[in-house]
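Please read the structure below before turning to the comments.
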Amino acid sequence: MPDPDAISPPGNGVDFCTMGMFILDNIEFEGPTPPVYGILGGAASFAVVGARMVAGKEHGRAVSWILDVGSDFPQGMLDVIRSWDTGCVIREDKTRLTTRAWNGYGPNEKRDFKYLTPKLRLEPYMLSDAQVLSRTFHMVCSSERCIYIVEEILRRREELRQKGYVSPSGYARPIFVWEPVPDRCTPGEQDMFFAASRMVDVVSPNELELGMMFGRQGWKETRVEDQELVKKILRSGIGPEGNGVLVIRAGKDGSYSYSRNQKGLWLPAYHQPDPDQHSPVVDPTGAGNSFLGALAEGMVSEGREPIQVIDSVLESSEAWKQIVHTWGNNGQVPKALICATTAAGFVVEQIGVPSVTRGAGGKELWNGTEFTERLRIYTQRLCRTLEESSQRHDWLVD
């Protein structure tokens, strides 16, 4: 088990912890784009980058994860990872290879995936006490493993409470964000999928994975039978009290989010097609992971700069007030979704993770731009869309 002192989060503890793995990726693209080999990747890396953008410099070390380094790990990558300034626990094992995987893209961004070296997945017992007491958790796994992880984390938290361990953030139930692993999205997994969904607060397949889970080619918001599928999932329940959220990630079409007794919320992707301009979208790998990392961090960021930016832009929008009223909890989920959409917009602009540098006055820049500036641009664009759509069906779907 890592030393609890190996991470040094700020006084309010750990905001975000991912159970995803670090992976060195080989990627083969459809069409003329040449393949790339051995680049920094994996669900952990991308989820952490998403959460870290939302956390900002002030809360960066509250974004926690475990990095497993094998004998073949490129040392130059450590400089990139250290530039993020997160609460990263590095575990080095010279007796094994770093986890590597192959990603192959086909039509409509369909991705095939396989491991090239033995994987070393994370288990709840490997987390430090500080990590176990995180306010949010991100998982990419099967339904069965999702249930196991949630139960074990809650068990360890209860053990710490009984021992009198003082938690910086108290012992309220953390937010669990679950991304079903694609190769287990099959009709045979449906019952376990429903069971796992009742254990988490956010369940988020992409539109292809959701379709696969129910024996379909994909999922489309405009199809009546697919809307019935959403209702079926919500009736089964998401979260212990049934009040969780289904977030369907739809790539270039943005995201569709649904919660029980509420209308669904559509948010467009950050980058929109423009026939007059060259597309900035280069590679979608990892965008979904970063989306969910940012979503989780956004859900515990009320009062911080990113949420303040969203509030300041949308405070006079009557349509936004309706969204906040509909979703409740001061718009926690819609605000977090805006953060998530903005973060994913950075990730698709290059192969691999976006770069972080320091600009004038020490400002933190991702791909040369402040995250909060991109957040402001996207929120302003969203505000115009809300006000221009008198029927509201462009953003609030049945």
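Labeling convention for the structure tokens: chains A, B, ... as they appear, residues from 1 per chain, ligands from 1 in order of appearance.
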Find the residues of range 250-339 of chain A that sit at most 9 Å from range 109-123 of chain A; for each, write down the nearest two atoms and how far apart they are in Å, to one decimal. Count only C-alpha atoms. Sort by chain, then by number going up, and give it as a Markdown table.
```
| residue | atom | partner | partner_atom | distance |
| --- | --- | --- | --- | --- |
| A:Gly251 | CA | A:Glu109 | CA | 8.3 |
| A:Pro284 | CA | A:Glu109 | CA | 7.7 |
| A:Thr285 | CA | A:Arg111 | CA | 8.7 |
```
Within 6 Å of range 217-232 of chain A using only C-alpha atoms, minus same-chain residues under 5 positions, as a PyMOL selection string
chain A and resi 207-208+211
Would you pick out the contacts of Arg82 in chain A at 12 Å or less, using only C-alpha atoms, so that residues sharing its chain but fewer than 2 positions from it are not included, and give the list as a VMD selection string?
chain A and resid 45 49 60 to 61 67 75 to 80 84 to 90 355 to 357
Write out as number ranges by chain the residues lying within 9 Å of range 187-199 of chain A, counting only C-alpha atoms and excluding same-chain residues fewer than 6 positions away.
A: 142-147, 150-151, 176, 178, 180, 212-215, 233, 236-242, 244, 246
Can you spit out the residues from that selection as a short mmCIF file (atom, residue, chain, number, x, y, z; two decimals), in the first residue's frame, using C-alpha atoms?
```cif
data_model
loop_
_atom_site.label_atom_id
_atom_site.label_comp_id
_atom_site.auth_asym_id
_atom_site.auth_seq_id
_atom_site.Cartn_x
_atom_site.Cartn_y
_atom_site.Cartn_z
CA SER A 142 -16.87 -4.02 -15.90
CA SER A 143 -20.13 -3.92 -13.98
CA GLU A 144 -18.99 -6.60 -11.56
CA ARG A 145 -15.73 -4.85 -10.82
CA CYS A 146 -17.54 -1.52 -10.40
CA ILE A 147 -19.68 -3.01 -7.63
CA VAL A 150 -17.51 0.85 -4.60
CA GLU A 151 -18.13 -1.65 -1.81
CA PHE A 176 -18.67 7.67 -7.93
CA TRP A 178 -18.37 4.98 -13.71
CA PRO A 180 -18.33 0.92 -18.45
CA MET A 212 -23.91 -2.50 -27.80
CA MET A 213 -25.10 -3.16 -24.26
CA PHE A 214 -28.63 -3.60 -25.58
CA GLY A 215 -27.84 -5.36 -28.86
CA ILE A 233 -32.27 2.67 -17.24
CA SER A 236 -34.03 0.75 -12.80
CA GLY A 237 -32.21 3.46 -10.86
CA ILE A 238 -28.85 5.19 -10.87
CA GLY A 239 -27.31 5.67 -7.43
CA PRO A 240 -28.46 4.31 -4.06
CA GLU A 241 -31.53 6.57 -4.04
CA GLY A 242 -32.16 6.50 -7.78
CA GLY A 244 -28.00 9.63 -10.19
CA LEU A 246 -26.88 8.90 -17.06
#
```
As a PyMOL selection string, please: every residue in range 141-279 of chain A that a backbone DSSP assignment puts in strand (DSSP E).
chain A and resi 141+175-180+202-203+245-249+255-259+264-267
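For the pair CA of Gly170 in chain A and CA of Val203 in chain A, the separation is 24.3 Å.
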Would you mind listing what lies within 6 Å of range 335-341 of chain A as a list of chain:residue names, with only C-alpha atoms counted and same-chain residues fewer than 5 positions away left out?
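My list of contacting residues is A:Phe291, A:Ala294, A:Leu295, A:Gly298, A:Met299.
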Grab the residues selected above and save them as a CSV table (one decimal), in the first residue's frame with N, CA, C and O atoms.
```csv
chain,number,residue,atom,x,y,z
A,291,PHE,N,-13.2,14.0,-20.1
A,291,PHE,CA,-14.6,14.5,-19.9
A,291,PHE,C,-15.1,14.1,-18.5
A,291,PHE,O,-15.6,14.9,-17.7
A,294,ALA,N,-13.0,15.6,-15.6
A,294,ALA,CA,-13.4,17.0,-15.4
A,294,ALA,C,-14.8,17.1,-14.8
A,294,ALA,O,-15.1,18.0,-13.9
A,295,LEU,N,-15.7,16.2,-15.2
A,295,LEU,CA,-17.1,16.2,-14.6
A,295,LEU,C,-17.0,15.9,-13.1
A,295,LEU,O,-17.7,16.6,-12.3
A,298,GLY,N,-15.6,18.9,-11.4
A,298,GLY,CA,-16.5,20.0,-11.4
A,298,GLY,C,-17.7,19.9,-10.4
A,298,GLY,O,-18.2,20.9,-10.0
A,299,MET,N,-18.0,18.6,-10.1
A,299,MET,CA,-19.1,18.4,-9.2
A,299,MET,C,-18.8,18.8,-7.7
A,299,MET,O,-19.7,18.9,-6.9
```
With only C-alpha atoms as the counted atoms, please give the residues lying no more than 8 Å from Gly38 in chain A, apart from itself and same-chain residues fewer than 3 positions off, as an MDAnalysis selection string.
chainID A and resid 24:26 100
Can you write just those residues out, N, CA, C and O atoms, as a compact mmCIF listing (two decimals), in the first residue's frame?
```
# COMPACT_ATOMS: atom_id res chain seq x y z
N LEU A 24 0.94 3.03 -21.85
CA LEU A 24 1.65 3.55 -23.01
C LEU A 24 0.91 3.05 -24.25
O LEU A 24 0.75 1.84 -24.44
N ASP A 25 0.43 3.98 -25.08
CA ASP A 25 -0.46 3.65 -26.18
C ASP A 25 0.24 3.58 -27.53
O ASP A 25 1.08 4.44 -27.86
N ASN A 26 -0.13 2.57 -28.33
CA ASN A 26 0.09 2.56 -29.77
C ASN A 26 -1.25 2.86 -30.41
O ASN A 26 -2.26 2.24 -30.05
N ARG A 100 1.19 -1.60 -21.73
CA ARG A 100 1.09 -1.04 -23.07
C ARG A 100 -0.16 -1.60 -23.76
O ARG A 100 -0.59 -2.73 -23.48
```
Excluding Pro34 in chain A and residues on its chain fewer than 5 positions from it, collect all residues at most 12 Å away from it, counting only C-alpha atoms, and give them as a list in words.
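The residues that qualify are Asn26, Ile27, Glu28, Phe29, Gly104, Tyr105, Val282, Asp283 and Ile351 of chain A.
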All heavy atoms of the current selection, written as a PDB file, in the first residue's frame:
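Result saved to again.pdb:
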```
ATOM      1  N   ASN A  26      -0.127   2.569 -28.328  1.00  0.00           N
ATOM      2  CA  ASN A  26       0.095   2.564 -29.771  1.00  0.00           C
ATOM      3  C   ASN A  26      -1.254   2.858 -30.414  1.00  0.00           C
ATOM      4  O   ASN A  26      -2.260   2.239 -30.046  1.00  0.00           O
ATOM      5  CB  ASN A  26       0.594   1.208 -30.259  1.00  0.00           C
ATOM      6  CG  ASN A  26       1.976   0.863 -29.733  1.00  0.00           C
ATOM      7  OD1 ASN A  26       2.653   1.701 -29.139  1.00  0.00           O
ATOM      8  ND2 ASN A  26       2.390  -0.382 -29.934  1.00  0.00           N
ATOM      9  N   ILE A  27      -1.308   3.779 -31.363  1.00  0.00           N
ATOM     10  CA  ILE A  27      -2.572   4.149 -31.981  1.00  0.00           C
ATOM     11  C   ILE A  27      -2.454   4.060 -33.498  1.00  0.00           C
ATOM     12  O   ILE A  27      -1.531   4.633 -34.088  1.00  0.00           O
ATOM     13  CB  ILE A  27      -2.996   5.584 -31.590  1.00  0.00           C
ATOM     14  CG1 ILE A  27      -3.012   5.759 -30.063  1.00  0.00           C
ATOM     15  CG2 ILE A  27      -4.371   5.906 -32.170  1.00  0.00           C
ATOM     16  CD1 ILE A  27      -3.340   7.167 -29.615  1.00  0.00           C
ATOM     17  N   GLU A  28      -3.386   3.330 -34.100  1.00  0.00           N
ATOM     18  CA  GLU A  28      -3.471   3.240 -35.562  1.00  0.00           C
ATOM     19  C   GLU A  28      -4.796   3.863 -35.993  1.00  0.00           C
ATOM     20  O   GLU A  28      -5.865   3.462 -35.513  1.00  0.00           O
ATOM     21  CB  GLU A  28      -3.366   1.789 -36.012  1.00  0.00           C
ATOM     22  CG  GLU A  28      -1.995   1.185 -35.718  1.00  0.00           C
ATOM     23  CD  GLU A  28      -1.849  -0.227 -36.231  1.00  0.00           C
ATOM     24  OE1 GLU A  28      -2.794  -0.713 -36.898  1.00  0.00           O
ATOM     25  OE2 GLU A  28      -0.791  -0.853 -35.985  1.00  0.00           O
ATOM     26  N   PHE A  29      -4.714   4.831 -36.885  1.00  0.00           N
ATOM     27  CA  PHE A  29      -5.876   5.604 -37.295  1.00  0.00           C
ATOM     28  C   PHE A  29      -6.451   5.104 -38.605  1.00  0.00           C
ATOM     29  O   PHE A  29      -5.754   4.491 -39.419  1.00  0.00           O
ATOM     30  CB  PHE A  29      -5.496   7.085 -37.440  1.00  0.00           C
ATOM     31  CG  PHE A  29      -4.926   7.694 -36.192  1.00  0.00           C
ATOM     32  CD1 PHE A  29      -3.551   7.720 -35.980  1.00  0.00           C
ATOM     33  CD2 PHE A  29      -5.751   8.228 -35.221  1.00  0.00           C
ATOM     34  CE1 PHE A  29      -3.021   8.288 -34.831  1.00  0.00           C
ATOM     35  CE2 PHE A  29      -5.236   8.785 -34.071  1.00  0.00           C
ATOM     36  CZ  PHE A  29      -3.867   8.821 -33.876  1.00  0.00           C
ATOM     37  N   GLY A 104      -7.047   0.895 -32.224  1.00  0.00           N
ATOM     38  CA  GLY A 104      -7.273   0.995 -33.657  1.00  0.00           C
ATOM     39  C   GLY A 104      -8.603   1.657 -33.942  1.00  0.00           C
ATOM     40  O   GLY A 104      -9.636   1.258 -33.391  1.00  0.00           O
ATOM     41  N   TYR A 105      -8.598   2.691 -34.786  1.00  0.00           N
ATOM     42  CA  TYR A 105      -9.822   3.437 -35.083  1.00  0.00           C
ATOM     43  C   TYR A 105     -10.387   3.059 -36.442  1.00  0.00           C
ATOM     44  O   TYR A 105      -9.659   2.931 -37.424  1.00  0.00           O
ATOM     45  CB  TYR A 105      -9.556   4.945 -35.046  1.00  0.00           C
ATOM     46  CG  TYR A 105      -9.525   5.484 -33.640  1.00  0.00           C
ATOM     47  CD1 TYR A 105      -8.316   5.678 -32.980  1.00  0.00           C
ATOM     48  CD2 TYR A 105     -10.705   5.774 -32.966  1.00  0.00           C
ATOM     49  CE1 TYR A 105      -8.286   6.151 -31.680  1.00  0.00           C
ATOM     50  CE2 TYR A 105     -10.684   6.249 -31.666  1.00  0.00           C
ATOM     51  CZ  TYR A 105      -9.473   6.439 -31.025  1.00  0.00           C
ATOM     52  OH  TYR A 105      -9.456   6.898 -29.746  1.00  0.00           O
ATOM     53  N   VAL A 282      -7.847  16.468 -33.846  1.00  0.00           N
ATOM     54  CA  VAL A 282      -6.807  15.597 -34.385  1.00  0.00           C
ATOM     55  C   VAL A 282      -7.030  14.145 -33.980  1.00  0.00           C
ATOM     56  O   VAL A 282      -6.964  13.238 -34.814  1.00  0.00           O
ATOM     57  CB  VAL A 282      -5.411  16.073 -33.909  1.00  0.00           C
ATOM     58  CG1 VAL A 282      -4.325  15.089 -34.337  1.00  0.00           C
ATOM     59  CG2 VAL A 282      -5.121  17.467 -34.446  1.00  0.00           C
ATOM     60  N   ASP A 283      -7.297  13.884 -32.691  1.00  0.00           N
ATOM     61  CA  ASP A 283      -7.399  12.510 -32.190  1.00  0.00           C
ATOM     62  C   ASP A 283      -8.343  12.476 -30.994  1.00  0.00           C
ATOM     63  O   ASP A 283      -8.109  13.163 -29.999  1.00  0.00           O
ATOM     64  CB  ASP A 283      -6.004  12.015 -31.786  1.00  0.00           C
ATOM     65  CG  ASP A 283      -6.020  10.622 -31.169  1.00  0.00           C
ATOM     66  OD1 ASP A 283      -7.008   9.893 -31.375  1.00  0.00           O
ATOM     67  OD2 ASP A 283      -5.049  10.280 -30.468  1.00  0.00           O
ATOM     68  N   ILE A 351      -2.423  14.332 -30.695  1.00  0.00           N
ATOM     69  CA  ILE A 351      -2.289  12.927 -30.325  1.00  0.00           C
ATOM     70  C   ILE A 351      -1.638  12.888 -28.956  1.00  0.00           C
ATOM     71  O   ILE A 351      -0.570  13.444 -28.744  1.00  0.00           O
ATOM     72  CB  ILE A 351      -1.441  12.168 -31.361  1.00  0.00           C
ATOM     73  CG1 ILE A 351      -2.134  12.180 -32.727  1.00  0.00           C
ATOM     74  CG2 ILE A 351      -1.203  10.739 -30.911  1.00  0.00           C
ATOM     75  CD1 ILE A 351      -1.302  11.599 -33.851  1.00  0.00           C
TER      76      ILE A 351
END
```
If you run DSSP on the backbone, which residues of range 120-246 of chain A are helix (DSSP H, G or I), as a PyMOL selection string?
chain A and resi 124-126+129-132+143-162+182-184+187-197+207-213+224-236
Determine the nearest neighbour of Asn367 in chain A from the options A:Thr385, A:Ile39, A:Pro205, A:Phe346, counting only C-alpha atoms.
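Nearest to Asn367 in chain A: A:Phe346.
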Which residue of A:Ala344, A:Val181, A:Val245, A:Ala296 approaches Pro268 in chain A most closely, using only C-alpha atoms
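The shortest atom-to-atom distance to Pro268 in chain A comes from A:Ala344.
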Sorted by chain and rising residue number, list the residues of range 242-300 of chain A at most 9 Å from range 318-328 of chain A (counting only C-alpha atoms), each with its closest atom pair and distance in Å to one decimal, as JSON lines.
```
{"residue": "A:Ser259", "atom": "CA", "partner": "A:Trp327", "partner_atom": "CA", "distance": 8.2}
{"residue": "A:Gln262", "atom": "CA", "partner": "A:Thr326", "partner_atom": "CA", "distance": 6.5}
{"residue": "A:Lys263", "atom": "CA", "partner": "A:Thr326", "partner_atom": "CA", "distance": 7.6}
{"residue": "A:Leu265", "atom": "CA", "partner": "A:Ile323", "partner_atom": "CA", "distance": 8.3}
```
Okay, now the selection with N, CA, C and O atoms, as a CSV table (one decimal), in the first residue's frame?
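Result went into again.csv, see below:
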```csv
chain,number,residue,atom,x,y,z
A,259,SER,N,-31.6,12.4,-15.8
A,259,SER,CA,-31.8,12.0,-14.4
A,259,SER,C,-33.3,11.8,-14.2
A,259,SER,O,-34.1,12.3,-14.9
A,262,GLN,N,-36.5,14.2,-14.6
A,262,GLN,CA,-36.1,15.4,-15.2
A,262,GLN,C,-36.0,15.3,-16.7
A,262,GLN,O,-35.9,14.2,-17.2
A,263,LYS,N,-36.0,16.4,-17.4
A,263,LYS,CA,-35.8,16.3,-18.8
A,263,LYS,C,-34.3,16.1,-19.0
A,263,LYS,O,-33.5,16.3,-18.1
A,265,LEU,N,-30.6,16.8,-20.8
A,265,LEU,CA,-29.9,18.0,-21.1
A,265,LEU,C,-28.8,17.7,-22.2
A,265,LEU,O,-28.0,16.8,-22.0
```
Restricting the calculation to only C-alpha atoms, which member of A:Arg374, A:Arg384, A:Arg91, A:His59 is positioned closest to Met126 in chain A?
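Once distances to Met126 in chain A are computed over only C-alpha atoms, the minimum belongs to A:Arg91.
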